[in-house]
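Chemist: What follows is data-v9.cif, mmCIF, N, CA, C and O atoms.
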```cif
data_query
#
loop_
_atom_site.label_atom_id
_atom_site.label_comp_id
_atom_site.auth_asym_id
_atom_site.auth_seq_id
_atom_site.Cartn_x
_atom_site.Cartn_y
_atom_site.Cartn_z
N MET L 668 -9.68 -52.31 42.64
CA MET L 668 -8.34 -52.83 42.89
C MET L 668 -8.03 -52.68 44.37
O MET L 668 -8.19 -51.62 44.93
N ASN L 669 -7.60 -53.75 44.98
CA ASN L 669 -7.19 -53.72 46.38
C ASN L 669 -5.79 -54.32 46.50
O ASN L 669 -5.60 -55.50 46.17
N VAL L 670 -4.86 -53.53 46.93
CA VAL L 670 -3.52 -54.02 47.21
C VAL L 670 -3.49 -54.42 48.67
O VAL L 670 -3.94 -53.67 49.54
N GLU L 671 -2.98 -55.61 48.95
CA GLU L 671 -2.96 -56.09 50.32
C GLU L 671 -1.59 -55.81 50.95
O GLU L 671 -0.56 -56.16 50.40
N ILE L 672 -1.65 -55.15 52.10
CA ILE L 672 -0.45 -54.94 52.92
C ILE L 672 -0.51 -56.02 53.99
O ILE L 672 -1.40 -56.01 54.85
N LEU L 673 0.40 -56.98 53.92
CA LEU L 673 0.43 -58.07 54.89
C LEU L 673 1.43 -57.74 55.99
O LEU L 673 2.57 -57.37 55.70
N VAL L 674 1.00 -57.87 57.22
CA VAL L 674 1.87 -57.63 58.37
C VAL L 674 1.93 -58.93 59.17
O VAL L 674 0.92 -59.36 59.74
N TYR L 675 3.10 -59.55 59.17
CA TYR L 675 3.29 -60.82 59.87
C TYR L 675 3.99 -60.59 61.20
O TYR L 675 4.94 -59.81 61.28
N GLY L 676 3.52 -61.29 62.20
CA GLY L 676 4.13 -61.21 63.52
C GLY L 676 3.52 -62.27 64.40
O GLY L 676 2.91 -63.23 63.92
N THR L 677 3.67 -62.07 65.69
CA THR L 677 3.08 -62.98 66.67
C THR L 677 2.88 -62.20 67.96
O THR L 677 3.37 -61.08 68.10
N GLU L 678 2.17 -62.79 68.88
CA GLU L 678 1.89 -62.12 70.15
C GLU L 678 3.18 -61.77 70.90
O GLU L 678 3.30 -60.73 71.49
N GLN L 679 4.13 -62.70 70.86
CA GLN L 679 5.40 -62.49 71.55
C GLN L 679 6.33 -61.64 70.70
O GLN L 679 6.53 -61.92 69.52
N LEU L 680 6.86 -60.57 71.29
CA LEU L 680 7.80 -59.73 70.56
C LEU L 680 9.11 -60.46 70.35
O LEU L 680 9.53 -61.26 71.20
N CYS L 681 9.78 -60.19 69.23
CA CYS L 681 11.09 -60.79 69.01
C CYS L 681 12.08 -60.16 69.99
O CYS L 681 11.90 -59.03 70.44
N ALA L 682 13.12 -60.89 70.32
CA ALA L 682 14.07 -60.45 71.35
C ALA L 682 14.70 -59.10 71.03
O ALA L 682 14.92 -58.28 71.93
N SER L 683 14.98 -58.83 69.78
CA SER L 683 15.62 -57.57 69.42
C SER L 683 14.61 -56.45 69.16
O SER L 683 14.98 -55.34 68.82
N CYS L 684 13.32 -56.74 69.33
CA CYS L 684 12.27 -55.76 69.05
C CYS L 684 11.53 -55.31 70.31
O CYS L 684 10.42 -54.79 70.22
N VAL L 685 12.13 -55.50 71.46
CA VAL L 685 11.46 -55.25 72.73
C VAL L 685 10.94 -53.82 72.83
O VAL L 685 9.86 -53.58 73.34
N ASN L 686 11.65 -52.84 72.34
CA ASN L 686 11.23 -51.45 72.47
C ASN L 686 10.39 -50.96 71.29
O ASN L 686 10.05 -49.79 71.21
N LEU L 687 10.04 -51.86 70.39
CA LEU L 687 9.26 -51.49 69.21
C LEU L 687 7.80 -51.92 69.38
O LEU L 687 7.50 -52.79 70.20
N PRO L 688 6.89 -51.35 68.60
CA PRO L 688 5.49 -51.77 68.66
C PRO L 688 5.34 -53.22 68.22
O PRO L 688 6.16 -53.74 67.45
N SER L 689 4.27 -53.85 68.68
CA SER L 689 3.98 -55.23 68.25
C SER L 689 3.56 -55.23 66.79
O SER L 689 3.28 -54.18 66.20
N ALA L 690 3.47 -56.41 66.21
CA ALA L 690 3.04 -56.52 64.81
C ALA L 690 1.60 -56.04 64.65
O ALA L 690 1.26 -55.38 63.67
N LYS L 691 0.72 -56.34 65.61
CA LYS L 691 -0.66 -55.87 65.54
C LYS L 691 -0.70 -54.35 65.60
O LYS L 691 -1.44 -53.71 64.84
N GLU L 692 0.08 -53.76 66.49
CA GLU L 692 0.14 -52.30 66.58
C GLU L 692 0.70 -51.70 65.29
O GLU L 692 0.24 -50.65 64.83
N THR L 693 1.67 -52.36 64.70
CA THR L 693 2.25 -51.90 63.44
C THR L 693 1.20 -51.93 62.33
O THR L 693 1.11 -51.00 61.53
N ALA L 694 0.38 -52.98 62.29
CA ALA L 694 -0.68 -53.08 61.28
C ALA L 694 -1.67 -51.93 61.42
O ALA L 694 -2.05 -51.29 60.42
N VAL L 695 -2.07 -51.62 62.64
CA VAL L 695 -3.00 -50.52 62.89
C VAL L 695 -2.37 -49.19 62.49
O VAL L 695 -3.00 -48.35 61.84
N TRP L 696 -1.11 -49.01 62.85
CA TRP L 696 -0.37 -47.78 62.52
C TRP L 696 -0.24 -47.61 61.01
O TRP L 696 -0.47 -46.53 60.46
N LEU L 697 0.11 -48.70 60.30
CA LEU L 697 0.25 -48.62 58.84
C LEU L 697 -1.08 -48.31 58.16
O LEU L 697 -1.13 -47.53 57.21
N GLU L 698 -2.15 -48.89 58.66
CA GLU L 698 -3.47 -48.62 58.08
C GLU L 698 -3.84 -47.15 58.24
O GLU L 698 -4.31 -46.51 57.29
N ALA L 699 -3.59 -46.59 59.41
CA ALA L 699 -3.89 -45.18 59.65
C ALA L 699 -2.99 -44.26 58.82
O ALA L 699 -3.47 -43.31 58.19
N ALA L 700 -1.70 -44.56 58.80
CA ALA L 700 -0.75 -43.71 58.06
C ALA L 700 -1.02 -43.76 56.56
O ALA L 700 -1.06 -42.73 55.89
N ALA L 701 -1.21 -44.95 56.02
CA ALA L 701 -1.47 -45.09 54.59
C ALA L 701 -2.82 -44.47 54.23
O ALA L 701 -2.97 -43.90 53.15
N GLY L 702 -3.77 -44.53 55.14
CA GLY L 702 -5.08 -43.95 54.90
C GLY L 702 -5.07 -42.44 54.81
O GLY L 702 -5.97 -41.84 54.22
N ARG L 703 -4.06 -41.81 55.39
CA ARG L 703 -3.93 -40.36 55.29
C ARG L 703 -3.31 -39.94 53.96
O ARG L 703 -3.44 -38.81 53.54
N LYS L 704 -2.58 -40.85 53.32
CA LYS L 704 -1.86 -40.51 52.09
C LYS L 704 -2.50 -41.11 50.83
O LYS L 704 -2.42 -40.52 49.76
N PHE L 705 -3.13 -42.27 50.96
CA PHE L 705 -3.65 -42.99 49.80
C PHE L 705 -5.16 -43.18 49.86
O PHE L 705 -5.74 -43.18 50.94
N VAL L 706 -5.76 -43.39 48.70
CA VAL L 706 -7.19 -43.66 48.61
C VAL L 706 -7.47 -44.98 49.34
O VAL L 706 -6.92 -46.02 48.98
N GLN L 707 -8.31 -44.92 50.36
CA GLN L 707 -8.46 -46.07 51.26
C GLN L 707 -9.13 -47.29 50.65
O GLN L 707 -8.89 -48.40 51.10
N ASP L 708 -9.94 -47.10 49.62
CA ASP L 708 -10.57 -48.28 49.02
C ASP L 708 -9.66 -49.00 48.03
O ASP L 708 -10.07 -49.95 47.38
N GLN L 709 -8.40 -48.57 47.94
CA GLN L 709 -7.46 -49.20 47.03
C GLN L 709 -6.46 -50.12 47.74
O GLN L 709 -5.65 -50.77 47.09
N PHE L 710 -6.51 -50.16 49.05
CA PHE L 710 -5.59 -51.04 49.79
C PHE L 710 -6.29 -51.58 51.03
O PHE L 710 -7.27 -51.03 51.51
N VAL L 711 -5.76 -52.66 51.52
CA VAL L 711 -6.25 -53.25 52.77
C VAL L 711 -5.02 -53.73 53.55
O VAL L 711 -4.05 -54.22 52.96
N VAL L 712 -5.06 -53.57 54.86
CA VAL L 712 -3.98 -54.05 55.73
C VAL L 712 -4.49 -55.29 56.45
O VAL L 712 -5.59 -55.28 57.02
N ARG L 713 -3.68 -56.35 56.42
CA ARG L 713 -4.09 -57.59 57.09
C ARG L 713 -2.95 -58.09 57.97
O ARG L 713 -1.83 -58.26 57.51
N TYR L 714 -3.28 -58.30 59.24
CA TYR L 714 -2.31 -58.87 60.19
C TYR L 714 -2.44 -60.39 60.17
O TYR L 714 -3.54 -60.93 60.08
N CYS L 715 -1.32 -61.07 60.26
CA CYS L 715 -1.32 -62.53 60.34
C CYS L 715 -0.32 -62.98 61.40
O CYS L 715 0.83 -62.58 61.38
N ASP L 716 -0.79 -63.80 62.32
CA ASP L 716 0.09 -64.41 63.31
C ASP L 716 0.79 -65.57 62.59
O ASP L 716 0.14 -66.56 62.23
N PHE L 717 2.09 -65.45 62.38
CA PHE L 717 2.79 -66.46 61.58
C PHE L 717 2.89 -67.81 62.29
O PHE L 717 3.21 -68.82 61.66
N LEU L 718 2.59 -67.85 63.59
CA LEU L 718 2.57 -69.14 64.28
C LEU L 718 1.25 -69.88 64.04
O LEU L 718 1.14 -71.07 64.32
N HIS L 719 0.26 -69.16 63.50
CA HIS L 719 -1.06 -69.73 63.20
C HIS L 719 -1.54 -69.24 61.84
O HIS L 719 -2.58 -68.58 61.76
N PRO L 720 -0.81 -69.54 60.77
CA PRO L 720 -1.21 -69.05 59.44
C PRO L 720 -2.51 -69.71 58.98
O PRO L 720 -2.76 -70.88 59.29
N THR L 721 -3.31 -68.95 58.23
CA THR L 721 -4.61 -69.47 57.80
C THR L 721 -4.69 -69.70 56.29
O THR L 721 -5.45 -70.56 55.85
N THR L 722 -3.93 -68.96 55.49
CA THR L 722 -3.98 -69.14 54.04
C THR L 722 -2.69 -69.79 53.57
O THR L 722 -1.69 -69.83 54.30
N GLU L 723 -2.69 -70.25 52.34
CA GLU L 723 -1.48 -70.85 51.77
C GLU L 723 -0.36 -69.81 51.67
O GLU L 723 0.81 -70.12 51.93
N VAL L 724 -0.70 -68.59 51.29
CA VAL L 724 0.30 -67.51 51.22
C VAL L 724 0.90 -67.27 52.60
O VAL L 724 2.11 -67.16 52.76
N ASP L 725 0.03 -67.22 53.61
CA ASP L 725 0.51 -67.01 54.98
C ASP L 725 1.42 -68.15 55.43
O ASP L 725 2.43 -67.92 56.10
N LYS L 726 1.09 -69.36 55.04
CA LYS L 726 1.92 -70.52 55.41
C LYS L 726 3.30 -70.41 54.78
O LYS L 726 4.31 -70.73 55.43
N LEU L 727 3.37 -69.95 53.53
CA LEU L 727 4.66 -69.78 52.87
C LEU L 727 5.50 -68.72 53.57
O LEU L 727 6.71 -68.92 53.79
N TRP L 728 4.87 -67.58 53.90
CA TRP L 728 5.61 -66.53 54.60
C TRP L 728 6.01 -66.96 56.00
O TRP L 728 7.11 -66.65 56.47
N ALA L 729 5.15 -67.70 56.69
CA ALA L 729 5.48 -68.19 58.03
C ALA L 729 6.71 -69.09 57.97
O ALA L 729 7.61 -68.98 58.81
N LYS L 730 6.76 -69.94 56.97
CA LYS L 730 7.91 -70.83 56.79
C LYS L 730 9.18 -70.01 56.55
O LYS L 730 10.23 -70.29 57.13
N ARG L 731 9.08 -68.98 55.70
CA ARG L 731 10.26 -68.14 55.42
C ARG L 731 10.72 -67.40 56.68
O ARG L 731 11.92 -67.26 56.91
N ILE L 732 9.77 -66.89 57.45
CA ILE L 732 10.13 -66.16 58.68
C ILE L 732 10.95 -67.05 59.59
O ILE L 732 11.99 -66.64 60.12
N VAL L 733 10.51 -68.29 59.75
CA VAL L 733 11.22 -69.23 60.63
C VAL L 733 12.55 -69.67 60.03
O VAL L 733 13.60 -69.60 60.67
N GLU L 734 12.52 -70.12 58.77
CA GLU L 734 13.72 -70.68 58.14
C GLU L 734 14.80 -69.63 57.87
O GLU L 734 15.98 -69.93 57.98
N GLU L 735 14.38 -68.42 57.50
CA GLU L 735 15.35 -67.38 57.16
C GLU L 735 15.62 -66.43 58.33
O GLU L 735 16.37 -65.47 58.18
N ASP L 736 15.00 -66.72 59.47
CA ASP L 736 15.17 -65.92 60.67
C ASP L 736 14.89 -64.44 60.40
O ASP L 736 15.66 -63.56 60.77
N LEU L 737 13.76 -64.19 59.71
CA LEU L 737 13.37 -62.82 59.40
C LEU L 737 12.83 -62.14 60.65
O LEU L 737 12.22 -62.78 61.50
N TRP L 738 13.02 -60.84 60.73
CA TRP L 738 12.53 -60.08 61.88
C TRP L 738 11.07 -59.71 61.64
O TRP L 738 10.65 -59.48 60.52
N TYR L 739 10.33 -59.67 62.71
CA TYR L 739 8.94 -59.25 62.60
C TYR L 739 8.70 -58.09 63.55
O TYR L 739 9.46 -57.92 64.51
N PRO L 740 7.73 -57.24 63.23
CA PRO L 740 6.77 -57.41 62.16
C PRO L 740 7.43 -57.37 60.78
O PRO L 740 8.34 -56.59 60.55
N LEU L 741 6.94 -58.24 59.93
CA LEU L 741 7.39 -58.33 58.55
C LEU L 741 6.27 -57.77 57.68
O LEU L 741 5.13 -58.23 57.77
N VAL L 742 6.58 -56.77 56.87
CA VAL L 742 5.58 -56.14 56.01
C VAL L 742 5.83 -56.56 54.57
O VAL L 742 6.95 -56.41 54.06
N VAL L 743 4.78 -57.11 53.94
CA VAL L 743 4.88 -57.64 52.58
C VAL L 743 3.81 -56.97 51.72
O VAL L 743 2.64 -56.92 52.10
N ILE L 744 4.22 -56.45 50.56
CA ILE L 744 3.29 -55.87 49.58
C ILE L 744 3.64 -56.46 48.22
O ILE L 744 4.80 -56.44 47.82
N SER L 745 2.65 -56.98 47.55
CA SER L 745 2.83 -57.58 46.21
C SER L 745 3.94 -58.63 46.19
O SER L 745 4.75 -58.69 45.27
N GLY L 746 3.99 -59.43 47.24
CA GLY L 746 4.96 -60.52 47.30
C GLY L 746 6.38 -60.11 47.63
O GLY L 746 7.28 -60.95 47.61
N GLU L 747 6.59 -58.83 47.97
CA GLU L 747 7.93 -58.36 48.29
C GLU L 747 7.99 -57.85 49.73
O GLU L 747 7.07 -57.18 50.20
N ILE L 748 9.10 -58.13 50.39
CA ILE L 748 9.31 -57.62 51.74
C ILE L 748 9.63 -56.13 51.63
O ILE L 748 10.57 -55.75 50.94
N VAL L 749 8.84 -55.30 52.30
CA VAL L 749 9.09 -53.86 52.27
C VAL L 749 9.46 -53.33 53.66
O VAL L 749 9.82 -52.17 53.79
N GLY L 750 9.39 -54.16 54.66
CA GLY L 750 9.79 -53.75 56.00
C GLY L 750 10.00 -54.95 56.88
O GLY L 750 9.26 -55.94 56.80
N GLU L 751 11.02 -54.87 57.71
CA GLU L 751 11.36 -55.99 58.59
C GLU L 751 11.81 -55.43 59.93
O GLU L 751 12.74 -54.63 59.98
N GLY L 752 11.10 -55.81 61.00
CA GLY L 752 11.47 -55.34 62.34
C GLY L 752 10.89 -53.99 62.67
O GLY L 752 10.04 -53.87 63.53
N ASN L 753 11.32 -52.97 61.97
CA ASN L 753 10.84 -51.61 62.20
C ASN L 753 10.59 -50.97 60.82
O ASN L 753 11.44 -50.27 60.30
N PRO L 754 9.42 -51.23 60.23
CA PRO L 754 9.17 -50.76 58.86
C PRO L 754 9.19 -49.24 58.74
O PRO L 754 8.78 -48.53 59.66
N LYS L 755 9.67 -48.77 57.62
CA LYS L 755 9.74 -47.34 57.33
C LYS L 755 8.60 -46.96 56.40
O LYS L 755 8.35 -47.64 55.39
N LEU L 756 7.90 -45.88 56.73
CA LEU L 756 6.77 -45.45 55.92
C LEU L 756 7.15 -45.18 54.48
O LEU L 756 6.40 -45.52 53.56
N LYS L 757 8.30 -44.58 54.24
CA LYS L 757 8.71 -44.25 52.87
C LYS L 757 8.75 -45.52 52.01
O LYS L 757 8.29 -45.51 50.87
N GLN L 758 9.30 -46.60 52.55
CA GLN L 758 9.38 -47.84 51.79
C GLN L 758 7.98 -48.42 51.53
O GLN L 758 7.71 -48.93 50.44
N VAL L 759 7.10 -48.32 52.52
CA VAL L 759 5.73 -48.80 52.34
C VAL L 759 5.02 -47.95 51.29
O VAL L 759 4.37 -48.47 50.39
N TYR L 760 5.15 -46.63 51.40
CA TYR L 760 4.52 -45.72 50.43
C TYR L 760 5.04 -45.98 49.02
O TYR L 760 4.26 -46.02 48.06
N ASP L 761 6.35 -46.15 48.87
CA ASP L 761 6.93 -46.43 47.55
C ASP L 761 6.36 -47.73 46.96
O ASP L 761 6.05 -47.80 45.78
N ALA L 762 6.23 -48.75 47.80
CA ALA L 762 5.71 -50.04 47.33
C ALA L 762 4.23 -49.91 46.94
O ALA L 762 3.79 -50.51 45.95
N LEU L 763 3.46 -49.13 47.69
CA LEU L 763 2.05 -48.92 47.34
C LEU L 763 1.92 -48.20 46.01
O LEU L 763 1.10 -48.57 45.16
N GLU L 764 2.72 -47.15 45.81
CA GLU L 764 2.68 -46.42 44.54
C GLU L 764 3.09 -47.33 43.38
O GLU L 764 2.47 -47.31 42.32
N LYS L 765 4.12 -48.14 43.59
CA LYS L 765 4.58 -49.07 42.56
C LYS L 765 3.47 -50.09 42.21
O LYS L 765 3.34 -50.50 41.07
N ALA L 766 2.66 -50.43 43.22
CA ALA L 766 1.55 -51.39 43.01
C ALA L 766 0.33 -50.71 42.39
O ALA L 766 -0.67 -51.38 42.12
N GLY L 767 0.39 -49.39 42.20
CA GLY L 767 -0.70 -48.70 41.53
C GLY L 767 -1.71 -48.01 42.43
O GLY L 767 -2.73 -47.52 41.96
N VAL L 768 -1.43 -47.97 43.73
CA VAL L 768 -2.35 -47.29 44.65
C VAL L 768 -2.14 -45.78 44.49
O VAL L 768 -1.01 -45.30 44.49
N GLN L 769 -3.24 -45.06 44.33
CA GLN L 769 -3.16 -43.63 44.05
C GLN L 769 -3.12 -42.80 45.32
O GLN L 769 -3.94 -43.00 46.21
N PRO L 770 -2.20 -41.84 45.39
CA PRO L 770 -2.20 -40.90 46.51
C PRO L 770 -3.48 -40.04 46.46
O PRO L 770 -4.02 -39.79 45.38
N ILE L 771 -3.95 -39.62 47.60
CA ILE L 771 -5.19 -38.84 47.69
C ILE L 771 -5.11 -37.57 46.85
O ILE L 771 -6.06 -37.24 46.14
N GLU L 772 -3.99 -36.87 46.89
CA GLU L 772 -3.89 -35.59 46.19
C GLU L 772 -3.97 -35.74 44.67
O GLU L 772 -4.23 -34.78 43.97
N SER L 773 -3.78 -36.93 44.13
CA SER L 773 -3.84 -37.10 42.68
C SER L 773 -5.23 -37.50 42.19
O SER L 773 -5.45 -37.65 41.00
N VAL L 774 -6.16 -37.69 43.11
CA VAL L 774 -7.52 -38.11 42.73
C VAL L 774 -8.40 -36.90 42.51
O VAL L 774 -8.34 -35.92 43.15
#
```
Mind turning this structure into structure tokens?
Modeler:
Amino acid sequence: MNVEILVYGTEQLCASCVNLPSAKETAVWLEAAAGRKFVQDQFVVRYCDFLHPTTEVDKLWAKRIVEEDLWYPLVVISGEIVGEGNPKLKQVYDALEKAGVQPIESV
């Protein structure tokens, strides 16, 4: 089982996110943080530049980001937004547990 953590963003930081990490940096940070708490072969983190989406799912999220003026980095797990602009680890961890990813201490 692999739960995908999708991190959407673009090279250019959003105007209100100037002092925050980029979406790519956020993806790397989430992968490292989640890897310390959860079994690593149960999840994968994938960054997507929403200005250049490659999959149909990415195209749908890219459209929502533009049309709904969502903040990025946008973190999506199991089709739900779990972080926008400055994602919180607790929300990401809760979403991973809800998706069935096991914490390391329970294995």
Chemist: Using the chain letters and numbers from the file, give me the residues hit by the PyMOL selection byres ((chain L and resi 760-766) around 8), as a list in words.
Modeler: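 Those residues are Met668, Asn669, Val670, Ala701, Gln709, Ile744, Ser745, Glu747, Val749, Lys755, Leu756, Lys757, Gln758, Val759, Gly767, Val768, Gln769 and Pro770 of chain L.
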Chemist: Based on the backbone DSSP call, show me all residues of chain L assigned alpha helix (DSSP H), as an MDAnalysis selection string.
Modeler: chainID L and resid 690:704 723:734 756:765
Chemist: Just checking: using all atoms listed in the file, which residue out of L:Val706, L:Ile672, L:Leu697, L:Val742 ends up closest to L:Glu772?
Modeler: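 Ranked by minimum distance to L:Glu772, first place goes to L:Val706.
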Chemist: With distances taken over only C-alpha atoms, which of L:Gly676, L:Gly702, L:Pro688, L:Pro754 is nearest to L:Ile732?
Modeler: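 Looking only at the distances to L:Ile732, the closest residue turns out to be L:Gly676.
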Chemist: Decode the PyMOL selection byres ((chain L and resi 733-738) around 8) for the given file into explicit residues and return them as a PyMOL selection string.
Modeler: chain L and resi 675-676+681+717+726-732+739-742+750-753
Chemist: What gap, in Å, lies between atom CA of L:Trp696 and atom N of L:Arg713?
Modeler: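 So the two atoms, atom CA of L:Trp696 and atom N of L:Arg713, lie 11.0 Å apart.
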Chemist: Rounded to one decimal place, report the atom CA of L:Thr677-atom CA of L:Phe705 distance in Å.
Modeler: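 Those two atoms sit 27.0 Å apart.
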Chemist: Pick out the closest residue to L:Asp725 from this set: L:Val743, L:Ala690, L:Ile771, L:Val695. Count only C-alpha atoms.
Modeler: L:Val743
Chemist: Can you measure atom CA of L:Cys715 to atom CA of L:Ala699 for me? One decimal in Å is fine.
Modeler: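 Interatomic distance, atom CA of L:Cys715 to atom CA of L:Ala699: 17.6 Å.
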Chemist: For the provided coordinates, the residues matched by the PyMOL selection byres ((chain L and resi 712) around 6) should be stated as a list in words.
Modeler: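 Selected by the PyMOL selection byres ((chain L and resi 712) around 6) here: Val670, Glu671, Ile672, Leu673, Ala694, Glu698, Phe710, Val711, Arg713 and Tyr714 of chain L.
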Chemist: With N, CA, C and O atoms kept, could you save the residues just selected as a PDB file, in the frame of the given file?
Modeler:
```pdb
ATOM      1  N   VAL L 670      -4.860 -53.530  46.930  1.00  0.00           N
ATOM      2  CA  VAL L 670      -3.520 -54.020  47.210  1.00  0.00           C
ATOM      3  C   VAL L 670      -3.490 -54.420  48.670  1.00  0.00           C
ATOM      4  O   VAL L 670      -3.940 -53.670  49.540  1.00  0.00           O
ATOM      5  N   GLU L 671      -2.980 -55.610  48.950  1.00  0.00           N
ATOM      6  CA  GLU L 671      -2.960 -56.090  50.320  1.00  0.00           C
ATOM      7  C   GLU L 671      -1.590 -55.810  50.950  1.00  0.00           C
ATOM      8  O   GLU L 671      -0.560 -56.160  50.400  1.00  0.00           O
ATOM      9  N   ILE L 672      -1.650 -55.150  52.100  1.00  0.00           N
ATOM     10  CA  ILE L 672      -0.450 -54.940  52.920  1.00  0.00           C
ATOM     11  C   ILE L 672      -0.510 -56.020  53.990  1.00  0.00           C
ATOM     12  O   ILE L 672      -1.400 -56.010  54.850  1.00  0.00           O
ATOM     13  N   LEU L 673       0.400 -56.980  53.920  1.00  0.00           N
ATOM     14  CA  LEU L 673       0.430 -58.070  54.890  1.00  0.00           C
ATOM     15  C   LEU L 673       1.430 -57.740  55.990  1.00  0.00           C
ATOM     16  O   LEU L 673       2.570 -57.370  55.700  1.00  0.00           O
ATOM     17  N   ALA L 694       0.380 -52.980  62.290  1.00  0.00           N
ATOM     18  CA  ALA L 694      -0.680 -53.080  61.280  1.00  0.00           C
ATOM     19  C   ALA L 694      -1.670 -51.930  61.420  1.00  0.00           C
ATOM     20  O   ALA L 694      -2.050 -51.290  60.420  1.00  0.00           O
ATOM     21  N   GLU L 698      -2.150 -48.890  58.660  1.00  0.00           N
ATOM     22  CA  GLU L 698      -3.470 -48.620  58.080  1.00  0.00           C
ATOM     23  C   GLU L 698      -3.840 -47.150  58.240  1.00  0.00           C
ATOM     24  O   GLU L 698      -4.310 -46.510  57.290  1.00  0.00           O
ATOM     25  N   PHE L 710      -6.510 -50.160  49.050  1.00  0.00           N
ATOM     26  CA  PHE L 710      -5.590 -51.040  49.790  1.00  0.00           C
ATOM     27  C   PHE L 710      -6.290 -51.580  51.030  1.00  0.00           C
ATOM     28  O   PHE L 710      -7.270 -51.030  51.510  1.00  0.00           O
ATOM     29  N   VAL L 711      -5.760 -52.660  51.520  1.00  0.00           N
ATOM     30  CA  VAL L 711      -6.250 -53.250  52.770  1.00  0.00           C
ATOM     31  C   VAL L 711      -5.020 -53.730  53.550  1.00  0.00           C
ATOM     32  O   VAL L 711      -4.050 -54.220  52.960  1.00  0.00           O
ATOM     33  N   ARG L 713      -3.680 -56.350  56.420  1.00  0.00           N
ATOM     34  CA  ARG L 713      -4.090 -57.590  57.090  1.00  0.00           C
ATOM     35  C   ARG L 713      -2.950 -58.090  57.970  1.00  0.00           C
ATOM     36  O   ARG L 713      -1.830 -58.260  57.510  1.00  0.00           O
ATOM     37  N   TYR L 714      -3.280 -58.300  59.240  1.00  0.00           N
ATOM     38  CA  TYR L 714      -2.310 -58.870  60.190  1.00  0.00           C
ATOM     39  C   TYR L 714      -2.440 -60.390  60.170  1.00  0.00           C
ATOM     40  O   TYR L 714      -3.540 -60.930  60.080  1.00  0.00           O
TER      41      TYR L 714
END
```
Chemist: Please determine the residues with any atom at most 7 Å from (-3.9, -59.3, 67.8) (coordinates as given in the file, with all atoms listed in the file counting) and report them as an NGL selection string.
Modeler: :L and (678 or 691-692)
Chemist: Please give the complete set of residues from chain L that DSSP, run on the backbone, assigns to strand (DSSP E), formatted as an MDAnalysis selection string.
Modeler: chainID L and resid 670:676 710:716 741:744 747:751
